[in-house]
Structures are given as C-alpha cells and as structure tokens.
>>> print(open('work07.tsv').read())   # TSV, C-alpha atoms and all ligand atoms
chain	number	residue	atom	x	y	z
A	1	MET	CA	-15.99	-11.74	-27.59
A	2	SER	CA	-19.20	-13.24	-28.96
A	3	GLN	CA	-21.23	-13.51	-25.73
A	4	ALA	CA	-20.53	-10.22	-24.01
A	5	PHE	CA	-22.41	-10.02	-20.71
A	6	VAL	CA	-21.57	-6.38	-20.09
A	7	ARG	CA	-21.01	-4.10	-23.05
A	8	LEU	CA	-19.73	-0.52	-22.88
A	9	ASP	CA	-20.21	0.97	-26.30
A	10	ARG	CA	-18.41	4.17	-27.34
A	11	LEU	CA	-18.88	5.84	-23.96
A	12	SER	CA	-17.83	9.45	-23.47
A	13	LYS	CA	-18.25	11.80	-20.54
A	14	SER	CA	-17.27	15.45	-20.33
A	15	PHE	CA	-17.41	17.74	-17.31
A	16	GLY	CA	-17.44	21.17	-18.92
A	17	PRO	CA	-14.20	21.38	-20.90
A	18	VAL	CA	-12.72	18.24	-19.23
A	19	VAL	CA	-13.09	15.06	-21.28
A	20	ALA	CA	-13.01	12.42	-18.52
A	21	VAL	CA	-13.93	9.44	-20.72
A	22	ASP	CA	-13.33	9.51	-24.45
A	23	ASP	CA	-15.04	7.05	-26.80
A	24	LEU	CA	-14.42	4.03	-24.61
A	25	SER	CA	-15.63	0.55	-25.60
A	26	LEU	CA	-15.19	-2.59	-23.49
A	27	GLU	CA	-16.85	-5.97	-23.10
A	28	LEU	CA	-16.96	-8.45	-20.22
A	29	ALA	CA	-17.95	-12.10	-20.34
A	30	ARG	CA	-20.10	-13.58	-17.57
A	31	GLY	CA	-17.92	-14.54	-14.59
A	32	GLU	CA	-15.05	-12.35	-15.72
A	33	ALA	CA	-13.01	-10.01	-13.51
A	34	LEU	CA	-11.97	-6.94	-15.48
A	35	THR	CA	-9.79	-4.23	-13.98
A	36	LEU	CA	-9.68	-0.62	-15.12
A	37	LEU	CA	-6.10	0.41	-14.43
A	38	GLY	CA	-4.47	3.75	-14.97
A	39	PRO	CA	-2.99	6.85	-13.38
A	40	SER	CA	-4.99	9.35	-11.38
A	41	GLY	CA	-7.49	11.25	-13.50
A	42	CYS	CA	-7.54	8.80	-16.45
A	43	GLY	CA	-11.31	8.24	-16.13
A	44	LYS	CA	-11.58	4.96	-14.18
A	45	THR	CA	-14.06	6.13	-11.55
A	46	THR	CA	-16.15	8.06	-14.06
A	47	THR	CA	-16.44	4.91	-16.20
A	48	LEU	CA	-17.46	2.82	-13.20
A	49	ARG	CA	-20.01	5.42	-12.11
A	50	MET	CA	-21.57	5.40	-15.58
A	51	VAL	CA	-21.89	1.61	-15.37
A	52	ALA	CA	-23.50	1.98	-11.92
A	53	GLY	CA	-25.92	4.67	-13.11
A	54	LEU	CA	-24.44	7.31	-10.79
A	55	GLU	CA	-23.22	9.38	-13.74
A	56	THR	CA	-24.96	9.93	-17.09
A	57	PRO	CA	-22.77	9.53	-20.19
A	58	SER	CA	-22.43	12.42	-22.65
A	59	SER	CA	-22.68	9.83	-25.42
A	60	GLY	CA	-22.63	6.07	-25.89
A	61	ALA	CA	-24.48	3.11	-24.41
A	62	ILE	CA	-24.16	0.32	-21.83
A	63	SER	CA	-25.98	-3.00	-21.83
A	64	PHE	CA	-26.15	-5.89	-19.37
A	65	ASP	CA	-27.00	-9.30	-20.78
A	66	GLY	CA	-28.40	-7.75	-23.97
A	67	GLN	CA	-30.59	-5.25	-22.08
A	68	THR	CA	-29.76	-1.57	-22.56
A	69	VAL	CA	-29.31	0.15	-19.19
A	70	VAL	CA	-28.26	3.46	-20.68
A	71	SER	CA	-28.21	4.77	-24.23
A	72	VAL	CA	-27.87	8.47	-24.91
A	73	ALA	CA	-29.04	8.06	-28.52
A	74	ASP	CA	-32.17	6.12	-27.48
A	75	GLY	CA	-32.95	8.18	-24.38
A	76	VAL	CA	-32.70	5.16	-22.05
A	77	ASN	CA	-31.24	5.61	-18.55
A	78	LEU	CA	-32.13	3.09	-15.82
A	79	PRO	CA	-31.52	4.31	-12.26
A	80	PRO	CA	-28.90	2.44	-10.19
A	81	GLU	CA	-31.48	0.40	-8.26
A	82	ARG	CA	-32.82	-1.09	-11.51
A	83	ARG	CA	-29.41	-2.25	-12.78
A	84	ASN	CA	-28.90	-5.19	-10.37
A	85	ILE	CA	-25.39	-4.22	-9.37
A	86	GLY	CA	-23.43	-4.29	-6.12
A	87	MET	CA	-20.89	-1.61	-5.32
A	88	VAL	CA	-17.95	-1.35	-2.95
A	89	PHE	CA	-16.12	1.93	-2.51
A	90	GLN	CA	-12.75	2.87	-1.07
A	91	SER	CA	-14.52	4.72	1.74
A	92	TYR	CA	-16.60	1.61	2.73
A	93	ALA	CA	-19.73	3.79	2.96
A	94	ILE	CA	-21.31	1.64	5.64
A	95	TRP	CA	-23.87	3.18	7.98
A	96	PRO	CA	-22.39	4.03	11.39
A	97	HIS	CA	-25.72	3.98	13.26
A	98	MET	CA	-26.44	0.37	12.27
A	99	THR	CA	-25.05	-2.98	13.42
A	100	VAL	CA	-23.14	-5.26	11.07
A	101	ALA	CA	-26.25	-7.36	10.38
A	102	GLN	CA	-28.44	-4.28	9.78
A	103	ASN	CA	-25.91	-2.89	7.30
A	104	VAL	CA	-25.67	-6.15	5.39
A	105	ALA	CA	-29.46	-6.70	5.42
A	106	PHE	CA	-30.22	-3.24	4.03
A	107	PRO	CA	-30.37	-4.10	0.28
A	108	LEU	CA	-32.84	-6.92	1.07
A	109	LYS	CA	-34.95	-4.69	3.32
A	110	VAL	CA	-35.43	-2.12	0.55
A	111	ARG	CA	-36.41	-4.98	-1.76
A	112	HIS	CA	-39.04	-6.10	0.82
A	113	VAL	CA	-37.60	-9.59	1.27
A	114	ASP	CA	-39.29	-11.32	4.25
A	115	GLY	CA	-37.63	-11.41	7.69
A	116	ALA	CA	-36.75	-15.13	7.88
A	117	ALA	CA	-35.13	-15.08	4.42
A	118	ILE	CA	-33.18	-11.95	5.35
A	119	ARG	CA	-31.81	-13.57	8.52
A	120	GLU	CA	-30.69	-16.65	6.62
A	121	ARG	CA	-29.05	-14.68	3.83
A	122	VAL	CA	-27.31	-12.31	6.25
A	123	ARG	CA	-25.94	-15.34	8.12
A	124	ALA	CA	-24.60	-16.80	4.85
A	125	ALA	CA	-23.14	-13.46	3.67
A	126	LEU	CA	-21.36	-12.89	6.99
A	127	ALA	CA	-19.92	-16.41	6.94
A	128	MET	CA	-18.76	-15.94	3.34
A	129	THR	CA	-16.91	-12.72	4.16
A	130	GLY	CA	-15.32	-13.91	7.42
A	131	LEU	CA	-17.67	-11.93	9.71
A	132	ALA	CA	-19.57	-14.80	11.36
A	133	GLY	CA	-20.53	-13.94	14.95
A	134	LEU	CA	-20.24	-10.18	14.48
A	135	ASP	CA	-23.94	-9.68	13.61
A	136	ASP	CA	-24.75	-7.37	16.52
A	137	ARG	CA	-21.50	-5.39	16.59
A	138	PRO	CA	-22.08	-1.66	15.97
A	139	ALA	CA	-20.48	-0.70	12.65
A	140	THR	CA	-18.36	1.94	14.38
A	141	ARG	CA	-16.61	-0.75	16.44
A	142	LEU	CA	-14.99	-2.52	13.52
A	143	SER	CA	-11.46	-2.44	12.11
A	144	GLY	CA	-10.87	-1.10	8.59
A	145	GLY	CA	-10.66	-4.63	7.20
A	146	GLN	CA	-13.89	-5.65	8.93
A	147	GLN	CA	-15.68	-2.55	7.64
A	148	GLN	CA	-14.60	-3.40	4.12
A	149	ARG	CA	-15.90	-6.97	4.59
A	150	VAL	CA	-19.25	-5.51	5.70
A	151	ALA	CA	-19.31	-3.39	2.54
A	152	LEU	CA	-18.55	-6.50	0.47
A	153	ALA	CA	-21.19	-8.62	2.22
A	154	ARG	CA	-23.74	-5.84	1.69
A	155	ALA	CA	-22.81	-5.55	-1.99
A	156	LEU	CA	-23.19	-9.30	-2.54
A	157	ILE	CA	-26.26	-10.11	-0.47
A	158	HIS	CA	-28.82	-9.46	-3.18
A	159	GLU	CA	-26.77	-11.58	-5.62
A	160	PRO	CA	-26.10	-8.80	-8.13
A	161	ALA	CA	-25.38	-9.65	-11.74
A	162	LEU	CA	-22.38	-7.35	-11.65
A	163	LEU	CA	-20.10	-6.24	-8.82
A	164	LEU	CA	-18.33	-2.88	-9.10
A	165	LEU	CA	-15.36	-2.14	-6.86
A	166	ASP	CA	-13.65	1.25	-6.73
A	167	GLU	CA	-10.23	1.05	-5.03
A	168	PRO	CA	-11.78	-1.12	-2.29
A	169	LEU	CA	-8.50	-2.05	-0.62
A	170	SER	CA	-6.53	1.17	-0.75
A	171	ASN	CA	-7.44	2.28	2.79
A	172	LEU	CA	-6.08	-0.93	4.30
A	173	ASP	CA	-2.51	-1.55	5.45
A	174	VAL	CA	-0.22	-3.59	3.20
A	175	LYS	CA	-0.61	-6.97	4.92
A	176	LEU	CA	-4.38	-6.75	5.17
A	177	ARG	CA	-4.61	-5.55	1.59
A	178	GLU	CA	-2.75	-8.64	0.39
A	179	GLN	CA	-4.95	-10.92	2.48
A	180	MET	CA	-8.18	-9.25	1.26
A	181	ARG	CA	-6.92	-9.41	-2.31
A	182	LEU	CA	-6.59	-13.18	-2.05
A	183	GLU	CA	-9.96	-13.53	-0.32
A	184	LEU	CA	-11.64	-11.43	-2.99
A	185	LYS	CA	-10.09	-13.52	-5.75
A	186	LEU	CA	-11.21	-16.78	-4.09
A	187	LEU	CA	-14.72	-15.40	-3.63
A	188	GLN	CA	-14.91	-14.20	-7.22
A	189	VAL	CA	-13.91	-17.62	-8.55
A	190	ARG	CA	-16.13	-19.56	-6.11
A	191	LEU	CA	-19.25	-17.48	-6.79
A	192	GLY	CA	-18.48	-16.92	-10.49
A	193	LEU	CA	-18.83	-13.16	-9.94
A	194	THR	CA	-18.68	-10.79	-12.88
A	195	LEU	CA	-16.82	-7.75	-11.65
A	196	ILE	CA	-15.26	-4.48	-12.69
A	197	TYR	CA	-12.46	-3.39	-10.43
A	198	VAL	CA	-10.91	0.07	-10.41
A	199	THR	CA	-7.38	0.58	-9.17
A	200	HIS	CA	-4.17	2.42	-9.86
A	201	ASP	CA	-2.23	-0.34	-8.08
A	202	GLN	CA	-0.65	-2.47	-10.77
A	203	SER	CA	0.13	-5.49	-8.57
A	204	GLU	CA	-3.51	-5.60	-7.45
A	205	ALA	CA	-4.60	-5.47	-11.09
A	206	LEU	CA	-2.15	-8.16	-12.18
A	207	SER	CA	-3.14	-10.60	-9.46
A	208	LEU	CA	-6.93	-10.08	-9.36
A	209	SER	CA	-7.98	-9.78	-12.98
A	210	ASP	CA	-8.81	-12.08	-15.83
A	211	ARG	CA	-8.25	-9.08	-18.07
A	212	ILE	CA	-6.98	-5.56	-17.53
A	213	ALA	CA	-7.93	-2.46	-19.49
A	214	VAL	CA	-5.18	0.15	-19.17
A	215	LEU	CA	-6.72	3.62	-19.43
A	216	ASN	CA	-4.90	6.77	-20.45
A	217	ARG	CA	-6.64	10.14	-20.72
A	218	GLY	CA	-10.09	8.59	-20.88
A	219	ARG	CA	-9.20	6.08	-23.58
A	220	VAL	CA	-8.39	2.37	-23.56
A	221	GLU	CA	-4.69	2.10	-24.27
A	222	GLN	CA	-4.63	-1.72	-24.30
A	223	VAL	CA	-6.82	-4.51	-22.99
A	224	GLY	CA	-5.72	-8.09	-22.40
A	225	SER	CA	-4.74	-10.71	-19.85
A	226	PRO	CA	-2.31	-9.58	-17.13
A	227	ARG	CA	0.39	-11.75	-18.71
A	228	ALA	CA	-0.19	-10.38	-22.22
A	229	LEU	CA	-0.03	-6.81	-20.99
A	230	TYR	CA	3.10	-7.40	-18.94
A	231	GLU	CA	4.96	-9.46	-21.52
A	232	ARG	CA	3.67	-7.88	-24.71
A	233	PRO	CA	2.77	-4.24	-24.05
A	234	GLU	CA	1.77	-2.53	-27.28
A	235	THR	CA	2.56	1.04	-26.31
A	236	PRO	CA	5.30	2.72	-24.25
A	237	PHE	CA	2.58	3.91	-21.85
A	238	VAL	CA	1.49	0.35	-21.01
A	239	ARG	CA	5.10	-0.86	-20.90
A	240	ASP	CA	6.07	1.83	-18.39
A	241	PHE	CA	2.87	1.82	-16.33
A	242	LEU	CA	2.84	-1.93	-15.73
A	243	GLY	CA	5.99	-3.04	-13.93
A	244	LYS	CA	9.54	-1.86	-14.31
A	245	SER	CA	11.27	-1.65	-17.64
A	246	VAL	CA	14.80	-0.88	-18.71
A	247	THR	CA	14.73	1.18	-21.91
A	248	LEU	CA	17.92	1.79	-23.89
A	249	PRO	CA	18.38	3.72	-27.15
A	250	GLY	CA	20.31	2.23	-30.07
A	251	ARG	CA	20.61	1.86	-33.82
A	252	ILE	CA	19.81	-1.07	-36.09
A	253	LYS	CA	23.03	-2.75	-37.23
A	254	GLY	CA	21.58	-5.58	-39.26
A	255	ILE	CA	18.47	-7.69	-39.87
A	256	ALA	CA	18.51	-11.47	-40.31
A	257	THR	CA	15.75	-14.09	-40.31
A	258	GLY	CA	13.57	-13.37	-37.32
A	259	ARG	CA	16.21	-11.31	-35.50
A	260	VAL	CA	17.44	-7.73	-35.45
A	261	ALA	CA	20.91	-6.69	-34.24
A	262	VAL	CA	20.83	-3.39	-32.33
A	263	GLU	CA	23.95	-1.45	-31.44
A	264	LEU	CA	23.42	0.36	-28.16
A	265	ALA	CA	24.20	4.04	-27.78
A	266	CYS	CA	25.07	3.85	-24.08
A	267	ASP	CA	27.52	0.92	-24.18
A	268	ALA	CA	30.07	1.25	-26.99
A	269	GLY	CA	30.32	-1.98	-28.98
A	270	ALA	CA	27.39	-3.72	-27.24
A	271	VAL	CA	25.14	-5.38	-29.79
A	272	ILE	CA	21.83	-6.87	-28.69
A	273	ASP	CA	20.22	-9.58	-30.78
A	274	CYS	CA	16.45	-8.88	-30.56
A	275	PRO	CA	13.46	-10.90	-31.78
A	276	LEU	CA	12.00	-9.28	-34.93
A	277	PRO	CA	8.80	-7.46	-33.96
A	278	ALA	CA	5.72	-7.47	-36.16
A	279	GLY	CA	4.51	-4.29	-37.78
A	280	LEU	CA	7.62	-2.18	-37.32
A	281	ASP	CA	9.26	-0.62	-40.37
A	282	LEU	CA	12.91	-1.53	-39.94
A	283	SER	CA	16.04	-0.74	-41.88
A	284	ALA	CA	19.74	-0.69	-41.04
A	285	GLY	CA	20.81	2.58	-39.42
A	286	ARG	CA	17.39	3.38	-38.03
A	287	GLU	CA	17.28	4.70	-34.46
A	288	VAL	CA	15.25	2.51	-32.10
A	289	GLU	CA	14.84	1.67	-28.42
A	290	ILE	CA	15.04	-1.71	-26.77
A	291	SER	CA	13.20	-2.48	-23.55
A	292	VAL	CA	13.79	-5.32	-21.10
A	293	ARG	CA	12.14	-6.27	-17.79
A	294	PRO	CA	14.67	-6.34	-14.91
A	295	GLU	CA	14.02	-10.03	-14.26
A	296	ALA	CA	15.34	-10.81	-17.77
A	297	LEU	CA	18.77	-9.53	-16.73
A	298	CYS	CA	21.41	-11.51	-14.85
A	299	LEU	CA	25.16	-11.55	-14.26
A	300	ALA	CA	26.82	-12.59	-17.52
A	301	GLY	CA	28.57	-15.59	-15.94
A	302	ASN	CA	25.15	-17.09	-15.02
A	303	ALA	CA	23.56	-16.66	-18.47
A	304	ASN	CA	22.48	-19.61	-20.49
A	305	GLY	CA	22.13	-18.42	-24.09
A	306	HIS	CA	21.50	-14.70	-24.27
A	307	ALA	CA	20.69	-11.79	-26.54
A	308	GLY	CA	23.74	-9.75	-25.62
A	309	THR	CA	25.83	-8.35	-22.79
A	310	LEU	CA	25.91	-4.91	-21.16
A	311	HIS	CA	28.90	-3.56	-19.24
A	312	GLY	CA	28.48	-1.16	-16.36
A	313	VAL	CA	29.43	-0.01	-12.89
A	314	VAL	CA	27.40	-0.78	-9.76
A	315	GLU	CA	26.00	2.42	-8.26
A	316	ALA	CA	24.00	0.97	-5.37
A	317	VAL	CA	22.85	-2.39	-4.03
A	318	LEU	CA	19.45	-2.51	-2.30
A	319	TYR	CA	19.18	-5.71	-0.26
A	320	GLN	CA	15.54	-6.86	-0.17
A	321	GLY	CA	15.64	-10.28	1.45
A	322	GLU	CA	14.59	-12.57	-1.36
A	323	ARG	CA	16.78	-10.65	-3.83
A	324	SER	CA	19.03	-7.63	-4.17
A	325	GLU	CA	18.12	-4.81	-6.49
A	326	CYS	CA	21.28	-3.54	-8.12
A	327	GLU	CA	21.41	-0.11	-9.77
A	328	VAL	CA	23.97	-0.19	-12.58
A	329	LYS	CA	25.28	2.74	-14.60
A	330	ILE	CA	25.83	1.88	-18.25
A	331	GLY	CA	27.33	4.83	-20.09
A	332	GLY	CA	24.73	7.56	-19.73
A	333	ALA	CA	21.96	5.14	-18.73
A	334	ALA	CA	21.06	3.66	-15.34
A	335	ILE	CA	19.31	0.30	-15.07
A	336	SER	CA	17.91	-1.94	-12.32
A	337	VAL	CA	18.97	-5.58	-12.18
A	338	TYR	CA	17.55	-8.15	-9.74
A	339	LEU	CA	20.30	-10.38	-8.37
A	340	PRO	CA	20.17	-13.43	-6.06
A	341	PRO	CA	20.61	-12.25	-2.46
A	342	ASP	CA	23.93	-14.08	-2.07
A	343	THR	CA	25.52	-12.13	-4.94
A	344	ARG	CA	28.58	-10.24	-3.73
A	345	ALA	CA	28.26	-6.96	-5.64
A	346	ALA	CA	29.28	-3.62	-4.18
A	347	ARG	CA	29.25	0.00	-5.24
A	348	GLY	CA	32.00	0.68	-7.79
A	349	ASP	CA	32.27	-2.93	-9.07
A	350	ARG	CA	32.46	-3.36	-12.82
A	351	ILE	CA	29.96	-6.00	-13.92
A	352	ALA	CA	28.72	-7.62	-17.13
A	353	ILE	CA	24.99	-8.21	-17.44
A	354	ALA	CA	23.40	-10.65	-19.87
A	355	ILE	CA	19.94	-10.13	-21.39
A	356	ALA	CA	17.77	-13.27	-21.71
A	357	ARG	CA	17.56	-14.37	-25.35
A	358	ASP	CA	13.93	-13.60	-26.20
A	359	ALA	CA	13.45	-10.81	-23.67
A	360	PRO	CA	14.33	-7.60	-25.54
A	361	ARG	CA	11.51	-5.76	-27.26
A	362	LEU	CA	12.14	-3.29	-30.01
A	363	TRP	CA	10.37	0.09	-30.23
A	364	ALA	CA	10.32	2.78	-32.89
A	365	LYS	CA	11.91	6.00	-31.69
A	401	LIG	P1	-8.36	8.67	-9.45
A	401	LIG	O1	-7.51	7.43	-9.55
A	401	LIG	O2	-7.58	9.86	-8.98
A	401	LIG	O3	-9.63	8.46	-8.71
A	401	LIG	P2	-9.72	8.36	-12.01
A	401	LIG	O4	-8.92	7.66	-13.05
A	401	LIG	O5	-10.76	7.56	-11.30
A	401	LIG	O6	-8.75	9.07	-10.97
A	401	LIG	P3	-11.85	10.18	-12.64
A	401	LIG	O7	-12.22	10.38	-11.20
A	401	LIG	O8	-12.74	9.36	-13.47
A	401	LIG	O9	-10.36	9.59	-12.74
A	401	LIG	O10	-11.65	11.63	-13.29
A	401	LIG	C1	-11.35	11.81	-14.67
A	401	LIG	C2	-11.28	13.32	-14.97
A	401	LIG	O11	-12.56	13.89	-14.83
A	401	LIG	C3	-10.37	14.08	-14.03
A	401	LIG	O12	-9.74	15.10	-14.75
A	401	LIG	C4	-11.33	14.65	-13.01
A	401	LIG	O13	-10.83	15.84	-12.45
A	401	LIG	C5	-12.57	14.92	-13.86
A	401	LIG	N1	-13.81	14.80	-13.09
A	401	LIG	C6	-14.31	13.69	-12.50
A	401	LIG	N2	-15.48	13.95	-11.90
A	401	LIG	C7	-15.75	15.28	-12.10
A	401	LIG	C8	-16.83	16.14	-11.74
A	401	LIG	N3	-17.90	15.71	-11.06
A	401	LIG	N4	-16.74	17.43	-12.14
A	401	LIG	C9	-15.69	17.89	-12.86
A	401	LIG	N5	-14.65	17.11	-13.24
A	401	LIG	C10	-14.67	15.83	-12.88
>>> encode(input="work07.tsv", output="structure tokens", more="lines below")
Ligand code: ATP
Amino acid sequence: MSQAFVRLDRLSKSFGPVVAVDDLSLELARGEALTLLGPSGCGKTTTLRMVAGLETPSSGAISFDGQTVVSVADGVNLPPERRNIGMVFQSYAIWPHMTVAQNVAFPLKVRHVDGAAIRERVRAALAMTGLAGLDDRPATRLSGGQQQRVALARALIHEPALLLLDEPLSNLDVKLREQMRLELKLLQVRLGLTLIYVTHDQSEALSLSDRIAVLNRGRVEQVGSPRALYERPETPFVRDFLGKSVTLPGRIKGIATGRVAVELACDAGAVIDCPLPAGLDLSAGREVEISVRPEALCLAGNANGHAGTLHGVVEAVLYQGERSECEVKIGGAAISVYLPPDTRAARGDRIAIAIARDAPRLWAK
C-alpha cells in the first residue's frame, strides 16, 4: 500500500512474561475499515490500545498520516488526546450523570469549542446516529442500543481522523447487533471513516470490513479482503477460524495439468480432483488434506460438473428455515452439508454428496 494513512510498524507489547503483541505490522488506507479478528487473548485489544495511546508499546512505532504518534526507538509517545482519534468500547463508557446531549458534547467542551457551534454539532451527531429528540434524556434512561449510539455520536463529534471500536456491539442482542452493524457500515461509507474494529465475531468482521487481519498469538496470521480470507485462507488457522470447513485426509494418486487427484482415506475408492495449489511440494503417494466449505457440497444428483463424490450416512438433520444442515458420517469422518429445506433426508439414509469442481483446497499434512 503506497499511501498508508495509519501505519503500525513492528509493534510488540509484553506484560511481564506474556507476549501480547509480537512484531505486528499493518497499514490502513484513508477511508478504510480494517478489522482485527482472532480468538480471545490473541492481542486485539492491546493493539488497539497502543494505537489509541492507552498502552505504550515495548517496541515498534505507529504513525498517522506520516506523523509519528509513538516510536519506542525515537522516544516519541503522544498522549491519546493529541492523536485525534475517537473510541467506542464494548462497555459504552458513557457518563451516567449526564444527559445524552451533555455526553455527546463532552469532546467539544474539552476542546473549548463555543456554545453555538457545540449545539449545532450535537444536533447533527444525534441525527446521524438515530438519536434525534433524545437530547435531554438522562443517560441512565436509555436502552443498550441507544447507549451505544451515544458512545458512537460522542466518538464522532470532533471528526476524528481515526475511529477505534473495541467489540462495540457484543453487549447487544442479536437483532439489534445486526441492525447496528448495518448502520455502522452505512455511516462508515457515507462519512469516509477510517476505522479499526476489534471483534472475535467472524460474521461481524466479514460484513463490516474492507480488510481483515486475522491475529493469532499476537501475530498477523493473514490480512486481506473478507472474500480473499474466506475463499483463499493461507493457513489452517485462518481456514478454521473463519467459517466452517470440512477437512478430510487423503493421499495423492496422480498429478495432471493443473489438477491433482486425491484418494480419500475415509471413503474407500473416492477420488477427488482438486485444483493444483501454488507453492506446495507434491508427489504421488504423499499424504495431504483437502478442505471444502459446506456450501460447496450438494446431493450428487443435483451436481453440475464436480470434483468428486463422497458416500455417507445421514446422522442428523437440523432444519433451519432457509436450509437444512445435514450431518453426514463418511467412514471415520463427520461432515456438515447445507441442503435445500425441501430435501427429504432422514437419519440413517445413505447419500452421495458431490463437491463443486473448483472448491477443494489442498493442504500439506
Ligand atoms: P479478548 O477478545 O478476550 O478481549 P484480545 O485478543 O483482545 O482478547 P488482549 O486483551 O489484547 O487480547 O490480551 C492479549 C494477552 O495479553 C492476553 O494473554 C492477556 O491476558 C494479556 N494482557 C492484556 N492486558 C494485560 C495487562 N494489563 N496485564 C497483563 N496481561 C495482559
């Protein structure tokens, strides 16, 4: 990325013996929404807090728009209030003794903006976040969703260069979370916000981000667009963390132009014709794994050109309205297949499942 707006350069942070963030580098373009995604304890919050200035790195540097905000080597460390950021936390962190308008106005008050300008900007911020008319409501008399909107309005009112959000929706119920997710996305696009979003919720990350950085033990495992990460994960960790995957062991039977035939261990005689991956040392007889997303599987009769067929026995059918999730036992392996809701499959049925032609990915074992 040639014009990085935010640059995290070889950041590390240790707490005593615990290495929370380990040599992490990332860049964001202006107007980009980047999500830090990963399991609990992988260093997401610590990274965000270093960007905010709430935590000092053990080593490394961060710059905004070419200006260093922290550099351990150069002894630079701007306090949070000099970094021009807005922050929204999971816990809302709004002040209970203030009204909605007083909460939202606070960042302007501490910047000594004059009264008339404050009133106008509060009005605009409340309208933008769906809080119009609630100016004088005490903060304690708001629903969870409204409190989070107040936190968002307060974070945006001084027009920060960068918005940092740490699990902002995880205290909301499912329906409200989905609604707020959409509103946040629309707001980000409309205002051209540059934001870093921390979550361990993969569907939130997939739908909100321009790019996702998957973190594992304080390191960036892979960074890319949601589609690239979902469709072309580079490591088993990313493959398994982002969405469901069926993984089956096998052995290479033969290699032809652009394709590899893999004989599966769990389904005697089943041979899957996989696209040839780049950068994998392959030879006949080598043990490998293939992985497939459940949506790339269908009943064999419905397949239109496929990479191979698996044979198994239905263990359970979970009806879910728009589809049924079918658990199928294939030899020693169990896989999930999504079937149209009108499919008549029942426990104990023998079924044949086709794998979409370009869906299987090959992994070294
Ligand atoms: P979660 O999703 O659970 O919030 P996270 O990915 O945000 O996790 P961090 O909160 O950044 O992870 O924590 C990374 C590691 O650093 C963890 O092992 C955590 O226990 C440790 N850690 C974080 N803050 C401190 C601290 N102030 N003192 C000691 N250890 C800490």
>>> residues_near_point(input="work07.tsv", point="(-14.6, -12.1, -4.3)", cutoff="12 Å", atoms="all atoms listed in the file", output="compact mmCIF listing (two decimals) with C-alpha atoms, in the coordinates of the input")
# COMPACT_ATOMS: atom_id res chain seq x y z
CA GLY A 31 -17.92 -14.54 -14.59
CA GLU A 32 -15.05 -12.35 -15.72
CA ALA A 33 -13.01 -10.01 -13.51
CA GLY A 86 -23.43 -4.29 -6.12
CA VAL A 88 -17.95 -1.35 -2.95
CA ALA A 125 -23.14 -13.46 3.67
CA MET A 128 -18.76 -15.94 3.34
CA THR A 129 -16.91 -12.72 4.16
CA GLY A 130 -15.32 -13.91 7.42
CA ARG A 149 -15.90 -6.97 4.59
CA LEU A 152 -18.55 -6.50 0.47
CA ALA A 153 -21.19 -8.62 2.22
CA ALA A 155 -22.81 -5.55 -1.99
CA LEU A 156 -23.19 -9.30 -2.54
CA LEU A 162 -22.38 -7.35 -11.65
CA LEU A 163 -20.10 -6.24 -8.82
CA LEU A 164 -18.33 -2.88 -9.10
CA LEU A 165 -15.36 -2.14 -6.86
CA PRO A 168 -11.78 -1.12 -2.29
CA GLN A 179 -4.95 -10.92 2.48
CA MET A 180 -8.18 -9.25 1.26
CA ARG A 181 -6.92 -9.41 -2.31
CA LEU A 182 -6.59 -13.18 -2.05
CA GLU A 183 -9.96 -13.53 -0.32
CA LEU A 184 -11.64 -11.43 -2.99
CA LYS A 185 -10.09 -13.52 -5.75
CA LEU A 186 -11.21 -16.78 -4.09
CA LEU A 187 -14.72 -15.40 -3.63
CA GLN A 188 -14.91 -14.20 -7.22
CA VAL A 189 -13.91 -17.62 -8.55
CA ARG A 190 -16.13 -19.56 -6.11
CA LEU A 191 -19.25 -17.48 -6.79
CA GLY A 192 -18.48 -16.92 -10.49
CA LEU A 193 -18.83 -13.16 -9.94
CA THR A 194 -18.68 -10.79 -12.88
CA LEU A 195 -16.82 -7.75 -11.65
CA ILE A 196 -15.26 -4.48 -12.69
CA TYR A 197 -12.46 -3.39 -10.43
CA LEU A 208 -6.93 -10.08 -9.36
CA SER A 209 -7.98 -9.78 -12.98
>>> closest_residue(input="work07.tsv", among="A:Asn77, A:Asn216, A:Asn84, A:Thr68", to="ligand LIG 401 (chain A)", atoms="only C-alpha atoms and all ligand atoms")
A:Asn216
>>> residues_near_ligand(input="work07.tsv", ligand="ligand LIG 401 (chain A)", cutoff="6 Å", atoms="all atoms listed in the file", output="PDB file with C-alpha atoms, in the frame of the given file")
ATOM      1  CA  PHE A  15     -17.410  17.740 -17.310  1.00  0.00           C
ATOM      2  CA  ALA A  20     -13.010  12.420 -18.520  1.00  0.00           C
ATOM      3  CA  PRO A  39      -2.990   6.850 -13.380  1.00  0.00           C
ATOM      4  CA  SER A  40      -4.990   9.350 -11.380  1.00  0.00           C
ATOM      5  CA  GLY A  41      -7.490  11.250 -13.500  1.00  0.00           C
ATOM      6  CA  CYS A  42      -7.540   8.800 -16.450  1.00  0.00           C
ATOM      7  CA  GLY A  43     -11.310   8.240 -16.130  1.00  0.00           C
ATOM      8  CA  LYS A  44     -11.580   4.960 -14.180  1.00  0.00           C
ATOM      9  CA  THR A  45     -14.060   6.130 -11.550  1.00  0.00           C
ATOM     10  CA  THR A  46     -16.150   8.060 -14.060  1.00  0.00           C
TER      11      THR A  46
END
>>> residues_around(input="work07.tsv", residues="Pro57 (chain A)", least_positions_apart="4", cutoff="12 Å", atoms="only C-alpha atoms", output="compact mmCIF listing (two decimals) with C-alpha atoms, in the frame of the given file")
# COMPACT_ATOMS: atom_id res chain seq x y z
CA LEU A 8 -19.73 -0.52 -22.88
CA ASP A 9 -20.21 0.97 -26.30
CA ARG A 10 -18.41 4.17 -27.34
CA LEU A 11 -18.88 5.84 -23.96
CA SER A 12 -17.83 9.45 -23.47
CA LYS A 13 -18.25 11.80 -20.54
CA SER A 14 -17.27 15.45 -20.33
CA PHE A 15 -17.41 17.74 -17.31
CA VAL A 19 -13.09 15.06 -21.28
CA ALA A 20 -13.01 12.42 -18.52
CA VAL A 21 -13.93 9.44 -20.72
CA ASP A 22 -13.33 9.51 -24.45
CA ASP A 23 -15.04 7.05 -26.80
CA LEU A 24 -14.42 4.03 -24.61
CA THR A 46 -16.15 8.06 -14.06
CA THR A 47 -16.44 4.91 -16.20
CA LEU A 48 -17.46 2.82 -13.20
CA ARG A 49 -20.01 5.42 -12.11
CA MET A 50 -21.57 5.40 -15.58
CA VAL A 51 -21.89 1.61 -15.37
CA ALA A 52 -23.50 1.98 -11.92
CA GLY A 53 -25.92 4.67 -13.11
CA ALA A 61 -24.48 3.11 -24.41
CA ILE A 62 -24.16 0.32 -21.83
CA VAL A 69 -29.31 0.15 -19.19
CA VAL A 70 -28.26 3.46 -20.68
CA SER A 71 -28.21 4.77 -24.23
CA VAL A 72 -27.87 8.47 -24.91
CA ALA A 73 -29.04 8.06 -28.52
CA GLY A 75 -32.95 8.18 -24.38
CA VAL A 76 -32.70 5.16 -22.05
CA ASN A 77 -31.24 5.61 -18.55
>>> atom_distance(input="work07.tsv", atom1="CA of Ala116 (chain A)", atom2="CA of Pro160 (chain A)")
20.2 Å
>>> atom_distance(input="work07.tsv", atom1="CA of Leu297 (chain A)", atom2="CA of Arg259 (chain A)")
19.0 Å
>>> closest_residue(input="work07.tsv", among="A:His306, A:Gly348, A:Lys365, A:Tyr230", to="Ile290 (chain A)", atoms="all atoms listed in the file")
A:Lys365
